[in-house]
Every structure is written in structure tokens, then in C-alpha cells.
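> My structure is in model_26.cif, and what it holds is mmCIF, C-alpha atoms:
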data_input
loop_
_atom_site.group_PDB
_atom_site.id
_atom_site.type_symbol
_atom_site.label_atom_id
_atom_site.label_comp_id
_atom_site.auth_asym_id
_atom_site.auth_seq_id
_atom_site.Cartn_x
_atom_site.Cartn_y
_atom_site.Cartn_z
ATOM 1 C CA MET K 1 149.792 -138.504 38.144
ATOM 2 C CA LYS K 2 148.373 -141.010 35.691
ATOM 3 C CA LYS K 3 144.822 -142.282 36.000
ATOM 4 C CA THR K 4 144.531 -145.874 37.129
ATOM 5 C CA SER K 5 142.219 -148.082 35.101
ATOM 6 C CA PRO K 6 139.068 -149.223 36.941
ATOM 7 C CA VAL K 7 139.633 -152.707 35.513
ATOM 8 C CA MET K 8 143.132 -152.764 37.015
ATOM 9 C CA ILE K 9 141.750 -151.727 40.404
ATOM 10 C CA ILE K 10 139.041 -154.415 40.301
ATOM 11 C CA VAL K 11 141.554 -157.115 39.330
ATOM 12 C CA PHE K 12 143.997 -156.133 42.067
ATOM 13 C CA ALA K 13 141.171 -155.813 44.612
ATOM 14 C CA GLY K 14 139.967 -159.326 43.792
ATOM 15 C CA LEU K 15 143.494 -160.683 44.095
ATOM 16 C CA ALA K 16 144.017 -158.813 47.365
ATOM 17 C CA VAL K 17 140.833 -160.258 48.876
ATOM 18 C CA ALA K 18 141.858 -163.743 47.720
ATOM 19 C CA ILE K 19 145.323 -163.321 49.278
ATOM 20 C CA ASN K 20 143.766 -162.168 52.557
ATOM 21 C CA VAL K 21 141.307 -165.059 52.661
ATOM 22 C CA VAL K 22 143.760 -167.783 51.654
ATOM 23 C CA LEU K 23 146.560 -166.640 53.967
ATOM 24 C CA GLY K 24 144.110 -165.946 56.813
ATOM 25 C CA ASP K 25 142.548 -169.387 56.413
ATOM 26 C CA LEU K 26 145.949 -171.111 56.278
ATOM 27 C CA VAL K 27 147.158 -169.382 59.439
ATOM 28 C CA ALA K 28 143.885 -170.241 61.197
ATOM 29 C CA LEU K 29 143.995 -173.848 59.944
ATOM 30 C CA PHE K 30 147.498 -174.362 61.296
ATOM 31 C CA LYS K 31 146.751 -172.258 64.422
ATOM 32 C CA ILE K 32 150.001 -170.334 64.006
ATOM 33 C CA PRO K 33 150.403 -168.196 67.119
ATOM 34 C CA MET K 34 151.139 -164.479 66.854
ATOM 35 C CA LEU K 35 150.214 -164.326 63.168
ATOM 36 C CA TYR K 36 147.099 -163.619 61.095
ATOM 37 C CA LEU K 37 148.266 -162.566 57.588
ATOM 38 C CA ASP K 38 144.654 -161.732 56.738
ATOM 39 C CA THR K 39 145.433 -158.073 56.020
ATOM 40 C CA LEU K 40 148.344 -158.419 53.595
ATOM 41 C CA GLY K 41 146.123 -157.707 50.568
ATOM 42 C CA THR K 42 144.396 -154.867 52.418
ATOM 43 C CA ILE K 43 147.723 -153.218 53.149
ATOM 44 C CA PHE K 44 148.789 -153.692 49.529
ATOM 45 C CA MET K 45 145.616 -152.055 48.211
ATOM 46 C CA GLY K 46 145.876 -149.183 50.692
ATOM 47 C CA VAL K 47 149.483 -148.545 49.735
ATOM 48 C CA ALA K 48 149.124 -149.048 45.986
ATOM 49 C CA PHE K 49 145.663 -147.578 45.338
ATOM 50 C CA GLY K 50 144.843 -145.448 48.374
ATOM 51 C CA PRO K 51 142.886 -145.641 51.629
ATOM 52 C CA PHE K 52 139.446 -146.010 50.023
ATOM 53 C CA TYR K 53 140.398 -149.148 48.095
ATOM 54 C CA GLY K 54 142.318 -150.511 51.060
ATOM 55 C CA ALA K 55 139.211 -150.109 53.236
ATOM 56 C CA LEU K 56 136.996 -151.665 50.564
ATOM 57 C CA VAL K 57 139.239 -154.740 50.318
ATOM 58 C CA GLY K 58 139.278 -154.972 54.122
ATOM 59 C CA LEU K 59 135.472 -155.000 54.242
ATOM 60 C CA ALA K 60 135.140 -157.497 51.387
ATOM 61 C CA THR K 61 137.725 -159.778 52.985
ATOM 62 C CA ASN K 62 135.967 -160.061 56.307
ATOM 63 C CA LEU K 63 132.548 -160.515 54.736
ATOM 64 C CA LEU K 64 133.913 -163.333 52.561
ATOM 65 C CA MET K 65 135.828 -164.896 55.475
ATOM 66 C CA GLY K 66 132.648 -164.719 57.529
ATOM 67 C CA VAL K 67 130.910 -166.859 54.919
ATOM 68 C CA THR K 68 133.767 -169.232 54.007
ATOM 69 C CA ALA K 69 135.629 -169.679 57.298
ATOM 70 C CA SER K 70 133.784 -168.411 60.359
ATOM 71 C CA PRO K 71 131.106 -165.830 61.113
ATOM 72 C CA THR K 72 133.418 -164.486 63.836
ATOM 73 C CA ALA K 73 135.386 -162.708 61.065
ATOM 74 C CA ILE K 74 132.531 -160.364 60.135
ATOM 75 C CA PRO K 75 132.678 -157.981 63.132
ATOM 76 C CA PHE K 76 136.442 -157.653 62.651
ATOM 77 C CA ALA K 77 135.784 -155.980 59.294
ATOM 78 C CA LEU K 78 136.113 -152.728 61.253
ATOM 79 C CA VAL K 79 139.730 -153.637 62.014
ATOM 80 C CA ASN K 80 140.498 -154.529 58.402
ATOM 81 C CA ILE K 81 138.875 -151.308 57.162
ATOM 82 C CA ALA K 82 141.065 -149.302 59.542
ATOM 83 C CA VAL K 83 144.146 -151.206 58.313
ATOM 84 C CA GLY K 84 143.348 -150.185 54.730
ATOM 85 C CA ILE K 85 142.819 -146.556 55.680
ATOM 86 C CA VAL K 86 145.948 -146.258 57.834
ATOM 87 C CA SER K 87 148.221 -147.983 55.321
ATOM 88 C CA GLY K 88 146.833 -145.848 52.495
ATOM 89 C CA LEU K 89 147.394 -142.640 54.426
ATOM 90 C CA MET K 90 150.890 -143.682 55.497
ATOM 91 C CA ALA K 91 151.861 -144.356 51.865
ATOM 92 C CA LYS K 92 150.854 -140.917 50.585
ATOM 93 C CA ARG K 93 154.525 -139.920 50.253
ATOM 94 C CA GLY K 94 155.887 -143.346 49.378
ATOM 95 C CA PHE K 95 156.302 -146.692 51.062
ATOM 96 C CA SER K 96 159.964 -147.241 51.844
ATOM 97 C CA MET K 97 161.121 -149.916 54.278
ATOM 98 C CA VAL K 98 161.179 -147.295 57.051
ATOM 99 C CA THR K 99 157.603 -146.278 56.241
ATOM 100 C CA ALA K 100 156.590 -149.939 56.115
ATOM 101 C CA VAL K 101 157.967 -150.608 59.616
ATOM 102 C CA ALA K 102 156.407 -147.389 60.953
ATOM 103 C CA THR K 103 153.070 -148.361 59.401
ATOM 104 C CA GLY K 104 153.338 -151.824 60.929
ATOM 105 C CA LEU K 105 154.008 -150.306 64.359
ATOM 106 C CA ILE K 106 151.002 -147.989 64.068
ATOM 107 C CA LEU K 107 148.780 -150.823 62.859
ATOM 108 C CA SER K 108 149.950 -153.043 65.717
ATOM 109 C CA VAL K 109 148.293 -150.585 68.108
ATOM 110 C CA VAL K 110 145.324 -149.425 65.977
ATOM 111 C CA ALA K 111 144.122 -152.960 65.188
ATOM 112 C CA PRO K 112 143.963 -154.068 68.859
ATOM 113 C CA LEU K 113 142.336 -150.775 69.889
ATOM 114 C CA ILE K 114 139.451 -151.619 67.575
ATOM 115 C CA GLY K 115 139.578 -155.410 67.845
ATOM 116 C CA THR K 116 139.856 -155.802 71.634
ATOM 117 C CA PRO K 117 136.363 -154.485 72.430
ATOM 118 C CA ILE K 118 134.945 -156.683 69.634
ATOM 119 C CA ARG K 119 136.743 -159.746 71.049
ATOM 120 C CA ILE K 120 135.544 -159.041 74.580
ATOM 121 C CA PHE K 121 131.947 -157.986 74.012
ATOM 122 C CA LEU K 122 131.078 -160.498 71.301
ATOM 123 C CA PHE K 123 133.341 -163.446 72.098
ATOM 124 C CA GLY K 124 134.444 -163.112 75.717
ATOM 125 C CA GLY K 125 138.006 -162.343 74.608
ATOM 126 C CA LEU K 126 138.670 -165.625 72.800
ATOM 127 C CA THR K 127 138.055 -166.161 69.078
ATOM 128 C CA GLY K 128 139.958 -169.349 68.292
ATOM 129 C CA SER K 129 143.043 -167.557 66.961
ATOM 130 C CA GLY K 130 146.649 -168.162 67.927
ATOM 131 C CA ALA K 131 146.518 -165.131 70.269
ATOM 132 C CA ASP K 132 144.081 -167.039 72.506
ATOM 133 C CA LEU K 133 146.987 -168.927 74.108
ATOM 134 C CA LEU K 134 148.580 -165.715 75.321
ATOM 135 C CA ILE K 135 145.216 -164.251 76.354
ATOM 136 C CA SER K 136 144.477 -167.358 78.439
ATOM 137 C CA ALA K 137 147.940 -167.285 80.022
ATOM 138 C CA LEU K 138 147.552 -163.622 80.953
ATOM 139 C CA ARG K 139 144.067 -164.265 82.354
ATOM 140 C CA ALA K 140 145.423 -167.193 84.411
ATOM 141 C CA SER K 141 148.128 -164.890 85.819
ATOM 142 C CA GLY K 142 145.427 -162.605 87.200
ATOM 143 C CA GLN K 143 145.174 -159.959 84.484
ATOM 144 C CA LYS K 144 141.769 -158.416 83.831
ATOM 145 C CA ILE K 145 140.021 -159.428 80.610
ATOM 146 C CA PHE K 146 140.621 -156.129 78.787
ATOM 147 C CA ALA K 147 144.316 -155.955 79.732
ATOM 148 C CA SER K 148 144.986 -159.593 78.840
ATOM 149 C CA THR K 149 143.156 -159.355 75.514
ATOM 150 C CA PHE K 150 144.675 -156.012 74.553
ATOM 151 C CA LEU K 151 148.246 -156.974 75.497
ATOM 152 C CA ALA K 152 148.055 -160.333 73.729
ATOM 153 C CA THR K 153 146.613 -158.861 70.552
ATOM 154 C CA ILE K 154 149.195 -156.054 70.529
ATOM 155 C CA ALA K 155 151.926 -158.693 70.775
ATOM 156 C CA SER K 156 150.502 -160.767 67.932
ATOM 157 C CA ASN K 157 149.678 -157.711 65.803
ATOM 158 C CA PHE K 158 153.187 -156.368 66.362
ATOM 159 C CA ILE K 159 154.614 -159.389 64.554
ATOM 160 C CA ASP K 160 151.812 -159.750 62.009
ATOM 161 C CA LYS K 161 151.418 -156.120 60.915
ATOM 162 C CA ILE K 162 155.137 -155.289 60.682
ATOM 163 C CA LEU K 163 155.767 -158.484 58.716
ATOM 164 C CA SER K 164 152.798 -157.771 56.427
ATOM 165 C CA CYS K 165 153.947 -154.188 55.749
ATOM 166 C CA ILE K 166 157.512 -155.322 55.030
ATOM 167 C CA LEU K 167 156.210 -157.975 52.623
ATOM 168 C CA VAL K 168 154.126 -155.353 50.799
ATOM 169 C CA CYS K 169 157.139 -153.032 50.566
ATOM 170 C CA MET K 170 159.251 -155.892 49.183
ATOM 171 C CA ALA K 171 156.511 -156.842 46.698
ATOM 172 C CA LEU K 172 156.284 -153.274 45.385
ATOM 173 C CA ALA K 173 160.039 -152.661 45.214
ATOM 174 C CA PRO K 174 160.826 -154.569 41.974
ATOM 175 C CA ILE K 175 157.844 -153.156 40.047
ATOM 176 C CA PRO K 176 159.023 -150.581 37.495
ATOM 177 C CA LEU K 177 158.051 -147.039 38.436
ATOM 178 C CA LYS K 178 155.797 -146.541 35.421
ATOM 179 C CA TYR K 179 153.596 -149.503 36.493
ATOM 180 C CA LYS K 180 153.159 -148.527 40.124
ATOM 181 C CA PRO K 181 149.574 -147.330 40.474
ATOM 182 C CA ASN K 182 149.459 -144.565 43.076
ATOM 183 C CA VAL K 183 152.536 -145.124 45.194
ATOM 184 C CA ALA K 184 154.483 -141.877 45.478
ATOM 185 C CA LYS K 185 157.438 -141.878 43.120
ATOM 186 C CA GLU K 186 159.791 -139.698 45.198
ATOM 187 C CA THR K 187 160.968 -142.443 47.546
ATOM 188 C CA GLY K 188 161.438 -145.066 44.874
ATOM 189 C CA VAL K 189 159.013 -147.560 46.413
#
In C-alpha cells, what does this structure look like?

Amino acid sequence: MKKTSPVMIIVFAGLAVAINVVLGDLVALFKIPMLYLDTLGTIFMGVAFGPFYGALVGLATNLLMGVTASPTAIPFALVNIAVGIVSGLMAKRGFSMVTAVATGLILSVVAPLIGTPIRIFLFGGLTGSGADLLISALRASGQKIFASTFLATIASNFIDKILSCILVCMALAPIPLKYKPNVAKETGV
């Protein structure tokens, strides 16, 4: 395996954080339900450079979003760190479309497992995201706060994380093998 240049890692990490922040801010601005897109760069870094760099980009993203968009993003750094670690570990043997969908499915459960307690204990379950509509509807139907928050965030993460993983897989696919940083070469992606 070839050694990846530290400069290359820093450049891609900066771009990944920027992608996370810009897409996350756009989704929040337009209040698009069932979507976040604030982990796309994290997933990319985890897949392309490994779990450590994925986690680092996740942390940097939420710290920056906490300053530029809303302080509510900072506690969710734990979620973004986990996304980087999981996607990096899942890509150890390659990141085919099947692996991308499987990773998205795993992330759609892992992210709410970490994020639901943060939402409830710090924000009463509502953070101003598109998932709040579904959380409120479930609460109005008589669901308990944990169940309504967890179910709504699983539903939104299901769409968001699978889509994000598929987009990363598609972005990596056309890159010639010799330029792919740490993605396993056996599966072709």
C-alpha cells in the first residue's frame, strides 16, 4: 500500500469539512425534511483515508457548524465522529455499492442511537431540523419522547445516510485506482 501524503490528507479534510458545512447549512436553510447531508464529507474521509480521519473531519465539522450556524451542532459531534469511524471500518475491504448501502443502513441506526439522547436531554427532542415535524407528529399521537425522537431520526437518517454513502461510492468510482488513497483495491471501488 502506498503512503498517502499528509498534504493530500489535509487538503481533502478541509474540502470534506467545507462540503459538510455547506450542504448541512443549505439543508437547514431550506428545512428539507428527512435529510441532513452534513456527514457526506465525513463518510468520504472515513472511506478514503480511514476511520481516524473520518472521525477528525466529523469533529471539525460540528465545531465549525457550531460557530457558523448554530451552537446546537456542537454536541452532535459525537454522532459525526461515529459516522467517520463506522464508514472507515466498513470500507476496509472496499466500498462497493452494496457496501455503501450496508454502511448507510448501519449508520441510520448508529447515528440515532447516539443522537437521540443528545436531542432529548439537551434540546427536549427538537433541534429545528426537518425531523422535528415527524417527532412532533409522533408526540401528538401519544408516543413517548424517546420513542418519537428515535423513530423520527431513524427515518430521516435512513434516507440521509444511505443517500450519502451512495453518493460517496459514486464519487469514488471514476477515480483511477492509482489515485485512490486507502480504499481497498480488490473490489474496484
> I need the output of the PyMOL selection byres ((chain K and resi 55) around 8) for this file as a PyMOL selection string; which residues are they?
chain K and resi 42+46+51-54+56-59+80-85
> At what distance in Å, to one decimal, does CA of Phe150 (chain K) lie from CA of Ile120 (chain K)?
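Separation of CA of Ile120 (chain K) and CA of Phe150 (chain K): 9.6 Å.
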> Care to translate the PyMOL selection byres ((chain K and resi 22) around 12) into actual residues of this file, as an mmCIF file with C-alpha atoms, keeping the file's coordinate frame?

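Resulting contents of result03.cif:
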data_model
loop_
_atom_site.group_PDB
_atom_site.id
_atom_site.type_symbol
_atom_site.label_atom_id
_atom_site.label_comp_id
_atom_site.auth_asym_id
_atom_site.auth_seq_id
_atom_site.Cartn_x
_atom_site.Cartn_y
_atom_site.Cartn_z
ATOM 1 C CA LEU K 15 143.494 -160.683 44.095
ATOM 2 C CA ALA K 16 144.017 -158.813 47.365
ATOM 3 C CA VAL K 17 140.833 -160.258 48.876
ATOM 4 C CA ALA K 18 141.858 -163.743 47.720
ATOM 5 C CA ILE K 19 145.323 -163.321 49.278
ATOM 6 C CA ASN K 20 143.766 -162.168 52.557
ATOM 7 C CA VAL K 21 141.307 -165.059 52.661
ATOM 8 C CA LEU K 23 146.560 -166.640 53.967
ATOM 9 C CA GLY K 24 144.110 -165.946 56.813
ATOM 10 C CA ASP K 25 142.548 -169.387 56.413
ATOM 11 C CA LEU K 26 145.949 -171.111 56.278
ATOM 12 C CA VAL K 27 147.158 -169.382 59.439
ATOM 13 C CA ALA K 28 143.885 -170.241 61.197
ATOM 14 C CA LEU K 29 143.995 -173.848 59.944
ATOM 15 C CA TYR K 36 147.099 -163.619 61.095
ATOM 16 C CA LEU K 37 148.266 -162.566 57.588
ATOM 17 C CA ASP K 38 144.654 -161.732 56.738
ATOM 18 C CA THR K 39 145.433 -158.073 56.020
ATOM 19 C CA LEU K 40 148.344 -158.419 53.595
ATOM 20 C CA GLY K 41 146.123 -157.707 50.568
ATOM 21 C CA THR K 61 137.725 -159.778 52.985
ATOM 22 C CA ASN K 62 135.967 -160.061 56.307
ATOM 23 C CA LEU K 64 133.913 -163.333 52.561
ATOM 24 C CA MET K 65 135.828 -164.896 55.475
ATOM 25 C CA THR K 68 133.767 -169.232 54.007
ATOM 26 C CA ALA K 69 135.629 -169.679 57.298
#
> Would you mind reading off the distance between CA of Ala77 (chain K) and CA of Pro112 (chain K), one decimal, in Å?
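Interatomic distance, CA of Ala77 (chain K) to CA of Pro112 (chain K): 12.7 Å.
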> Which residues are near Pro33 (chain K)? Cut-off 10 Å, all atoms listed in the file, ignore same chain within fewer than 3 positions. Put them as a list in words.
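Skipping anything fewer than 3 positions along the chain leaves Val27, Ala28, Phe30, Tyr36, Ser129, Gly130, Ala131, Asp132, Leu133, Leu134, Ser156 and Asp160 of chain K.
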> Rank nothing, just name the residue among K:Ile154, K:Gly125, K:Ala173, K:Leu138 nearest to Leu35 (chain K), using only C-alpha atoms.
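Of the candidates, the smallest distance to Leu35 (chain K) is held by K:Ile154.
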> Find the smallest box with edges along x, y and z containing every listed atom of region 136-142 of chain K, then add 8 Å on each side and report centre and edge lengths in Å to one decimal, as AutoDock Vina command-line options.

--center_x 146.1 --center_y -165.0 --center_z 82.8 --size_x 20.1 --size_y 20.8 --size_z 24.8
> For the structure shown, which residues end up in the PyMOL selection byres ((chain K and resi 149) around 8)? Put them as a list in words, please?
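What the PyMOL selection byres ((chain K and resi 149) around 8) grabs from the file is Thr116, Arg119, Ile120, Gly125, Ile135, Ile145, Phe146, Ala147, Ser148, Phe150, Leu151, Ala152 and Thr153 of chain K.
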> As an exercise, work out the distance from CA of Ile43 (chain K) to CA of Ser164 (chain K) in Å and give it to one decimal place.
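Those two atoms sit 7.6 Å apart.
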> Can you pull out the residues contacting Thr99 (chain K)? Cut-off 9 Å, using all atoms listed in the file, and skip same-chain residues under 6 positions away; I want them as a PyMOL selection string.
chain K and resi 90-91+165+169
> Pick the closest to Phe123 (chain K) from K:Ala73, K:Ala102, K:Met45, K:Ile162: which is it, counting all atoms listed in the file?
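Selected residue with least distance to Phe123 (chain K): K:Ala73.
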> Rank K:Val168, K:Val109, K:Ile9, K:Ile118 by their smallest atom-to-atom distance to Met97 (chain K), using only C-alpha atoms, and report the top residue only.
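Closest to Met97 (chain K), using only C-alpha atoms: K:Val168.
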> Using all atoms listed in the file, which residue out of K:Ala48, K:Leu89, K:Ile159, K:Leu63 lies closest to Gly104 (chain K)?
K:Ile159
> Could you check which of K:Lys92, K:Lys161, K:Lys144, K:Arg139 is closest to Ser108 (chain K), using all atoms listed in the file?
K:Lys161
> Choose the residue, out of K:Gly115, K:Pro174, K:Gly14, K:Gly142, that has the smallest atom-to-atom separation from Pro75 (chain K); count all atoms listed in the file.
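So, comparing all the options, the nearest one is K:Gly115.
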